[in-house]
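Enquirer: One file is attached below, start01.cif, containing mmCIF, C-alpha atoms.
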data_data
#
loop_
_atom_site.label_atom_id
_atom_site.label_comp_id
_atom_site.auth_asym_id
_atom_site.auth_seq_id
_atom_site.Cartn_x
_atom_site.Cartn_y
_atom_site.Cartn_z
CA MET A 82 318.13 45.25 50.95
CA ILE A 83 314.56 46.44 50.47
CA GLU A 84 312.88 48.37 53.27
CA ILE A 85 309.13 49.07 53.36
CA ARG A 86 307.09 51.13 55.81
CA PHE A 87 303.37 50.45 56.29
CA HIS A 88 301.01 53.16 57.58
CA GLY A 89 297.56 52.22 58.82
CA ARG A 90 295.18 52.45 61.71
CA GLY A 91 294.73 50.01 64.56
CA GLY A 92 292.25 47.29 63.63
CA GLN A 93 292.88 47.31 59.87
CA GLY A 94 295.47 44.54 59.93
CA THR A 95 298.51 46.68 59.14
CA VAL A 96 300.85 44.72 61.42
CA VAL A 97 299.48 41.39 60.18
CA ALA A 98 299.98 42.56 56.58
CA SER A 99 303.72 43.05 57.13
CA LYS A 100 303.98 39.69 58.92
CA ILE A 101 302.17 37.83 56.12
CA LEU A 102 304.40 39.48 53.53
CA ALA A 103 307.50 38.54 55.54
CA ASP A 104 306.32 34.92 55.85
CA ALA A 105 305.71 34.67 52.08
CA LEU A 106 309.16 36.09 51.36
CA ALA A 107 310.84 33.76 53.87
CA MET A 108 309.24 30.76 52.13
CA GLU A 109 311.22 31.70 49.04
CA GLY A 110 314.56 31.82 50.85
CA ASN A 111 314.74 35.51 51.72
CA TYR A 112 315.88 36.90 55.04
CA VAL A 113 313.20 39.15 56.48
CA GLN A 114 312.28 41.25 59.47
CA ALA A 115 308.76 42.48 60.14
CA TYR A 116 307.95 44.50 63.22
CA PRO A 117 305.50 47.15 64.38
CA GLU A 118 306.15 50.40 66.17
CA PHE A 119 303.76 50.57 69.08
CA GLY A 120 302.91 53.19 71.63
CA VAL A 121 299.55 53.59 73.29
CA GLU A 122 297.63 52.93 70.07
CA ARG A 123 294.01 51.87 70.15
CA ARG A 124 291.65 50.77 67.43
CA GLY A 125 291.57 53.59 64.89
CA SER A 126 294.83 55.19 65.99
CA PRO A 127 297.69 55.49 63.48
CA VAL A 128 300.12 52.55 63.51
CA VAL A 129 303.37 51.94 61.67
CA SER A 130 304.89 48.62 60.72
CA PHE A 131 308.18 47.87 58.97
CA ILE A 132 309.65 45.11 56.85
CA ARG A 133 313.20 44.49 55.67
CA ILE A 134 314.00 42.00 52.92
CA ASP A 135 317.41 40.75 51.80
CA LYS A 136 319.16 37.73 50.34
CA ARG A 137 321.66 37.85 53.22
CA PRO A 138 321.14 37.83 56.99
CA ILE A 139 319.87 41.15 58.35
CA TYR A 140 321.56 42.47 61.47
CA ASP A 141 320.11 45.97 61.61
CA LYS A 142 317.27 45.99 64.17
CA SER A 143 316.58 49.72 64.10
CA ARG A 144 313.50 51.59 62.91
CA ILE A 145 313.41 52.21 59.16
CA TYR A 146 314.03 55.91 58.56
CA ALA A 147 314.59 55.87 54.78
CA PRO A 148 312.26 53.26 53.26
CA ASP A 149 312.45 52.22 49.63
CA HIS A 150 308.65 52.03 49.47
CA VAL A 151 305.62 53.05 51.54
CA VAL A 152 302.25 51.31 51.85
CA VAL A 153 299.28 53.36 53.08
CA VAL A 154 296.53 51.08 54.38
CA ASP A 155 294.25 53.96 55.44
CA PRO A 156 293.98 56.74 52.84
CA THR A 157 293.01 59.36 55.46
CA LEU A 158 296.59 59.19 56.71
CA VAL A 159 297.82 60.83 53.48
CA GLU A 160 296.33 64.09 54.76
CA ALA A 161 297.08 63.48 58.45
CA ILE A 162 300.81 62.65 58.37
CA ASP A 163 303.76 62.90 56.01
CA VAL A 164 303.78 59.38 54.57
CA THR A 165 306.72 60.34 52.33
CA GLU A 166 309.03 61.14 55.25
CA GLY A 167 312.43 59.65 54.39
CA LEU A 168 311.08 57.85 51.30
CA LYS A 169 313.82 57.31 48.74
CA GLU A 170 313.46 59.02 45.37
CA GLY A 171 311.75 56.76 42.85
CA GLY A 172 310.07 54.72 45.59
CA TRP A 173 306.51 53.49 45.36
CA ILE A 174 303.67 54.85 47.47
CA ILE A 175 300.96 52.19 47.38
CA ILE A 176 297.66 53.54 48.69
CA ASN A 177 294.37 51.85 49.55
CA SER A 178 292.11 54.30 47.72
CA ASP A 179 289.37 54.54 45.15
CA LYS A 180 291.16 57.54 43.63
CA LYS A 181 293.44 57.31 40.61
CA PRO A 182 297.19 57.68 41.28
CA ALA A 183 297.26 61.02 39.39
CA GLU A 184 294.86 62.48 41.96
CA PHE A 185 297.61 62.33 44.60
CA SER A 186 300.30 64.97 44.70
CA PHE A 187 303.41 64.37 46.75
CA PRO A 188 306.52 66.53 46.96
CA GLY A 189 309.45 64.66 45.44
CA LYS A 190 309.87 62.06 42.73
CA PHE A 191 307.79 59.06 43.75
CA ARG A 192 305.66 56.55 41.90
CA VAL A 193 302.08 56.13 43.10
CA ALA A 194 299.79 53.11 42.81
CA THR A 195 296.28 52.82 44.18
CA VAL A 196 293.82 50.00 44.66
CA ASN A 197 290.48 49.98 46.40
CA ALA A 198 291.42 47.33 48.96
CA THR A 199 288.45 48.41 51.06
CA GLU A 200 286.03 47.49 48.27
CA ILE A 201 287.77 44.14 47.80
CA ALA A 202 287.67 43.39 51.54
CA VAL A 203 283.96 44.28 51.77
CA ALA A 204 283.15 42.13 48.72
CA ASN A 205 284.92 39.20 50.39
CA LYS A 206 283.21 39.85 53.76
CA LEU A 207 286.47 40.53 55.59
CA GLY A 208 285.73 42.45 58.77
CA THR A 209 282.56 44.50 58.84
CA LEU A 210 281.11 47.04 56.46
CA ALA A 211 282.04 49.78 58.94
CA SER A 212 285.50 48.33 59.64
CA PRO A 213 286.77 46.14 56.79
CA ILE A 214 290.04 44.25 57.22
CA VAL A 215 292.07 45.18 54.15
CA ASN A 216 295.45 43.63 54.97
CA THR A 217 295.43 40.66 52.59
CA ALA A 218 294.15 42.74 49.68
CA ILE A 219 296.82 45.38 50.20
CA VAL A 220 299.56 42.74 50.37
CA GLY A 221 298.32 41.28 47.07
CA VAL A 222 298.90 44.67 45.47
CA VAL A 223 302.28 45.12 47.14
CA ILE A 224 303.70 41.87 45.77
CA ARG A 225 302.42 42.64 42.27
CA ILE A 226 303.68 46.22 42.11
CA LEU A 227 307.04 45.50 43.74
CA GLY A 228 307.51 42.00 42.28
CA LEU A 229 308.58 40.63 45.65
CA THR A 230 307.19 37.10 45.74
CA LYS A 231 304.85 34.68 44.01
CA LEU A 232 301.12 34.77 44.63
CA GLU A 233 301.27 31.08 45.59
CA SER A 234 303.69 31.88 48.42
CA LEU A 235 301.40 34.66 49.61
CA HIS A 236 298.42 32.28 49.59
CA LYS A 237 300.40 29.79 51.70
CA ALA A 238 301.43 32.53 54.15
CA ILE A 239 297.82 33.70 54.45
CA GLY A 240 296.63 30.12 55.06
CA ASP A 241 299.27 29.67 57.77
CA ALA A 242 298.67 33.01 59.51
CA ILE A 243 294.92 33.56 59.27
CA SER A 244 292.50 31.13 60.86
CA ILE A 245 289.29 33.09 60.18
CA LYS A 246 288.16 32.99 56.54
CA PRO A 247 291.55 32.03 55.05
CA GLU A 248 289.99 31.28 51.63
CA SER A 249 288.26 34.67 51.53
CA ASN A 250 291.54 36.36 52.45
CA GLN A 251 293.37 34.44 49.72
CA LYS A 252 290.67 35.43 47.24
CA ALA A 253 290.99 39.10 48.26
CA ALA A 254 294.78 38.96 47.78
CA ALA A 255 294.39 37.35 44.35
CA GLU A 256 291.78 39.89 43.25
CA ALA A 257 293.95 42.82 44.34
CA TYR A 258 296.98 41.21 42.68
CA ALA A 259 295.04 40.88 39.41
CA ARG A 260 293.75 44.46 39.54
CA ALA A 261 297.07 46.05 40.60
CA ALA A 262 298.49 46.72 37.15
CA ALA A 263 295.56 48.97 36.28
CA TYR A 264 296.24 51.29 39.20
CA CYS A 265 299.74 52.57 38.39
#
Transcribe the structure of this file into structure tokens.
Expert:
Amino acid sequence: MIEIRFHGRGGQGTVVASKILADALAMEGNYVQAYPEFGVERRGSPVVSFIRIDKRPIYDKSRIYAPDHVVVVDPTLVEAIDVTEGLKEGGWIIINSDKKPAEFSFPGKFRVATVNATEIAVANKLGTLASPIVNTAIVGVVIRILGLTKLESLHKAIGDAISIKPESNQKAAAEAYARAAAYC
């Protein structure tokens, strides 16, 4: 089983990112769970979303305390919270950032990948300049770095889940997927 925790802020598409990823994985015969952890969050407040992936049915419905990988949709959260909490040794930390992976220092033995999903979202006119929606770009990076699913499945999941600018979202995912290898 693979468990991933997403960290973001309300309004960035963090919850939708985990759902799109789950849908793409399910299309390829995987069992998946994707669910958010909500409180009284508002736009801009930190949010957490989880996804579990397995080849067998998943019965565990609990919060993920020891993820295999972490995705950070908003880079300001790296300084605000401990995004590595419970992260398994050797796990990936995938960060939406214009910084190089070597510029991040985390306690423990983790692998870091970065991509400027914000720049990709803005270039594809996703959201606004002040509040870009980076979810599809970040998922493009996630599937490339972790090798979870095919880009074609992700494009289908995006088309099924997103009614506003689906082609632009698919383009953002493909661009991030293509650029991902350079950010490890």
Enquirer: Quick check on the file I pasted: which residues fall under the PyMOL selection byres ((chain A and resi 218) around 6)? Write them as a short mmCIF file (atom, residue, chain, number, x, y, z; two decimals) with C-alpha atoms, in the frame of the given file.
Expert:
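Now in selection.cif:
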data_model
loop_
_atom_site.label_atom_id
_atom_site.label_comp_id
_atom_site.auth_asym_id
_atom_site.auth_seq_id
_atom_site.Cartn_x
_atom_site.Cartn_y
_atom_site.Cartn_z
CA ALA A 198 291.42 47.33 48.96
CA VAL A 215 292.07 45.18 54.15
CA ASN A 216 295.45 43.63 54.97
CA THR A 217 295.43 40.66 52.59
CA ILE A 219 296.82 45.38 50.20
CA VAL A 220 299.56 42.74 50.37
CA GLY A 221 298.32 41.28 47.07
CA ALA A 253 290.99 39.10 48.26
CA ALA A 254 294.78 38.96 47.78
CA ALA A 257 293.95 42.82 44.34
#
Enquirer: Between A:Glu166, A:Glu256, A:Glu233, A:Asp241, which one has atoms that come closest to Lys100 (chain A), using only C-alpha atoms?
Expert: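 Nearest to Lys100 (chain A): A:Asp241.
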Enquirer: Could you make a table, as JSON lines, of the residues of region 107-166 of chain A that have an atom within 12 Å of an atom of region 222-230 of chain A, each with its nearest atom pair and distance in Å to one decimal, counting all atoms listed in the file, in chain and number order?
Expert:
{"residue": "A:Ala107", "atom": "CA", "partner": "A:Thr230", "partner_atom": "CA", "distance": 9.5}
{"residue": "A:Met108", "atom": "CA", "partner": "A:Thr230", "partner_atom": "CA", "distance": 9.2}
{"residue": "A:Glu109", "atom": "CA", "partner": "A:Thr230", "partner_atom": "CA", "distance": 7.5}
{"residue": "A:Gly110", "atom": "CA", "partner": "A:Thr230", "partner_atom": "CA", "distance": 10.4}
{"residue": "A:Asn111", "atom": "CA", "partner": "A:Thr230", "partner_atom": "CA", "distance": 9.8}
{"residue": "A:Val113", "atom": "CA", "partner": "A:Leu229", "partner_atom": "CA", "distance": 11.9}
{"residue": "A:Arg133", "atom": "CA", "partner": "A:Leu229", "partner_atom": "CA", "distance": 11.7}
{"residue": "A:Ile134", "atom": "CA", "partner": "A:Leu229", "partner_atom": "CA", "distance": 9.2}
{"residue": "A:Asp135", "atom": "CA", "partner": "A:Leu229", "partner_atom": "CA", "distance": 10.8}
{"residue": "A:Lys136", "atom": "CA", "partner": "A:Leu229", "partner_atom": "CA", "distance": 11.9}
{"residue": "A:Asp149", "atom": "CA", "partner": "A:Leu227", "partner_atom": "CA", "distance": 10.4}
{"residue": "A:His150", "atom": "CA", "partner": "A:Leu227", "partner_atom": "CA", "distance": 8.8}
{"residue": "A:Val151", "atom": "CA", "partner": "A:Val223", "partner_atom": "CA", "distance": 9.7}
{"residue": "A:Val152", "atom": "CA", "partner": "A:Val223", "partner_atom": "CA", "distance": 7.8}
{"residue": "A:Val153", "atom": "CA", "partner": "A:Val223", "partner_atom": "CA", "distance": 10.6}
{"residue": "A:Val154", "atom": "CA", "partner": "A:Val223", "partner_atom": "CA", "distance": 11.0}
Enquirer: In Å, rounded to a single decimal, give me how far CA of Gly89 (chain A) is from CA of Asp155 (chain A).
Expert: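 So the two atoms, CA of Asp155 (chain A) and CA of Gly89 (chain A), lie 5.0 Å apart.
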Enquirer: Suppose a student applies the PyMOL selection byres ((chain A and resi 141) around 12) to this structure; what residues should they get, written as a PyMOL selection string?
Expert: chain A and resi 82+84+112-115+132-135+137-140+142-145
Enquirer: Which residue is closest to Leu207 (chain A)? Choose from A:Lys181, A:Arg86, A:Lys252, A:Lys231 and count all atoms listed in the file.
Expert: A:Lys252
Enquirer: Give the centre and edge lengths of an axis-aligned box, in Å to one decimal, that holds all listed atoms of region 170-186 of chain A with 6 Å on each side, as lines of an AutoDock Vina configuration file.
Expert:
center_x = 301.4
center_y = 58.4
center_z = 44.5
size_x = 36.1
size_y = 25.1
size_z = 22.2
Enquirer: For Glu160 (chain A), which residue among A:Phe191, A:Phe87, A:Phe185, A:Tyr258 is the nearest when counting all atoms listed in the file?
Expert: A:Phe185
Enquirer: Hey, can you check how far CA of Leu102 (chain A) sits from CA of Val196 (chain A)?
Expert: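 Going from CA of Leu102 (chain A) over to CA of Val196 (chain A), I get 17.4 Å.
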Enquirer: To one decimal in Å, tell me the separation between CA of His88 (chain A) and CA of Ser130 (chain A).
Expert: 6.7 Å
Enquirer: Please provide the set of residues having any atom within 10 Å of Gly240 (chain A), restricted to all atoms listed in the file, with same-chain residues fewer than 5 positions apart removed, written as a short mmCIF file (atom, residue, chain, number, x, y, z; two decimals) with C-alpha atoms, in the coordinates of the input.
Expert:
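What landed in selection_15.cif:
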data_model
loop_
_atom_site.label_atom_id
_atom_site.label_comp_id
_atom_site.auth_asym_id
_atom_site.auth_seq_id
_atom_site.Cartn_x
_atom_site.Cartn_y
_atom_site.Cartn_z
CA ILE A 101 302.17 37.83 56.12
CA SER A 234 303.69 31.88 48.42
CA LEU A 235 301.40 34.66 49.61
CA ILE A 245 289.29 33.09 60.18
CA LYS A 246 288.16 32.99 56.54
CA PRO A 247 291.55 32.03 55.05
CA GLU A 248 289.99 31.28 51.63
CA ASN A 250 291.54 36.36 52.45
CA GLN A 251 293.37 34.44 49.72
#
Enquirer: Specify as a list in words each residue included when the PyMOL selection byres ((chain A and resi 169) around 9) is applied to this file.
Expert: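 Evaluating the PyMOL selection byres ((chain A and resi 169) around 9) on these coordinates yields Ala147, Pro148, Asp149, His150, Thr165, Glu166, Gly167, Leu168, Glu170, Gly171, Gly172, Trp173, Lys190 and Phe191 of chain A.
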Enquirer: I'd like the contact shell of region 209-214 of chain A - 10 Å cut-off, all atoms listed in the file, skipping same-chain residues fewer than 4 positions apart - returned as JSON, numbers by chain.
Expert: {"A": [92, 93, 94, 95, 125, 154, 198, 199, 200, 201, 202, 203, 204, 205, 218, 219, 250]}
Enquirer: Where atoms are absent from region 164-181 of chain A, fill them in so it carries N, CA, C and O atoms, then output it as a CSV table (one decimal), in the coordinates of the input.
Expert:
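Result went into selection-v8.csv, see below:
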chain,number,residue,atom,x,y,z
A,164,VAL,N,303.5,60.8,54.9
A,164,VAL,CA,303.8,59.4,54.6
A,164,VAL,C,305.0,59.3,53.7
A,164,VAL,O,305.6,58.2,53.6
A,165,THR,N,305.5,60.4,53.1
A,165,THR,CA,306.7,60.3,52.3
A,165,THR,C,308.0,60.6,53.1
A,165,THR,O,309.1,60.6,52.6
A,166,GLU,N,307.9,60.8,54.4
A,166,GLU,CA,309.0,61.1,55.2
A,166,GLU,C,310.1,60.1,55.1
A,166,GLU,O,309.9,58.9,55.3
A,167,GLY,N,311.3,60.5,54.6
A,167,GLY,CA,312.4,59.6,54.4
A,167,GLY,C,312.4,58.8,53.2
A,167,GLY,O,313.3,58.0,52.9
A,168,LEU,N,311.2,58.7,52.4
A,168,LEU,CA,311.1,57.8,51.3
A,168,LEU,C,312.1,58.2,50.2
A,168,LEU,O,312.3,59.3,49.8
A,169,LYS,N,312.8,57.1,49.8
A,169,LYS,CA,313.8,57.3,48.7
A,169,LYS,C,313.2,57.7,47.4
A,169,LYS,O,312.1,57.3,47.0
A,170,GLU,N,313.9,58.6,46.7
A,170,GLU,CA,313.5,59.0,45.4
A,170,GLU,C,313.2,57.8,44.5
A,170,GLU,O,314.0,56.9,44.4
A,171,GLY,N,312.1,57.9,43.7
A,171,GLY,CA,311.8,56.8,42.8
A,171,GLY,C,311.0,55.6,43.5
A,171,GLY,O,310.5,54.7,42.9
A,172,GLY,N,310.8,55.8,44.9
A,172,GLY,CA,310.1,54.7,45.6
A,172,GLY,C,308.6,54.7,45.3
A,172,GLY,O,308.0,55.8,44.9
A,173,TRP,N,308.0,53.6,45.5
A,173,TRP,CA,306.5,53.5,45.4
A,173,TRP,C,305.8,53.9,46.6
A,173,TRP,O,306.2,53.6,47.7
A,174,ILE,N,304.6,54.6,46.4
A,174,ILE,CA,303.7,54.8,47.5
A,174,ILE,C,302.4,54.1,47.0
A,174,ILE,O,301.8,54.4,46.0
A,175,ILE,N,302.1,53.0,47.7
A,175,ILE,CA,301.0,52.2,47.4
A,175,ILE,C,299.9,52.5,48.4
A,175,ILE,O,300.0,52.4,49.6
A,176,ILE,N,298.7,53.0,47.8
A,176,ILE,CA,297.7,53.5,48.7
A,176,ILE,C,296.4,52.8,48.5
A,176,ILE,O,295.9,52.5,47.4
A,177,ASN,N,295.7,52.4,49.6
A,177,ASN,CA,294.4,51.8,49.6
A,177,ASN,C,293.4,53.0,49.3
A,177,ASN,O,293.1,53.8,50.2
A,178,SER,N,293.0,53.2,48.1
A,178,SER,CA,292.1,54.3,47.7
A,178,SER,C,291.3,54.0,46.5
A,178,SER,O,291.8,53.3,45.6
A,179,ASP,N,290.1,54.6,46.4
A,179,ASP,CA,289.4,54.5,45.2
A,179,ASP,C,289.7,55.6,44.2
A,179,ASP,O,289.2,55.7,43.1
A,180,LYS,N,290.7,56.5,44.5
A,180,LYS,CA,291.2,57.5,43.6
A,180,LYS,C,292.2,57.0,42.7
A,180,LYS,O,292.9,56.0,43.0
A,181,LYS,N,292.4,57.7,41.6
A,181,LYS,CA,293.4,57.3,40.6
A,181,LYS,C,294.8,57.8,41.1
A,181,LYS,O,294.8,58.9,41.8
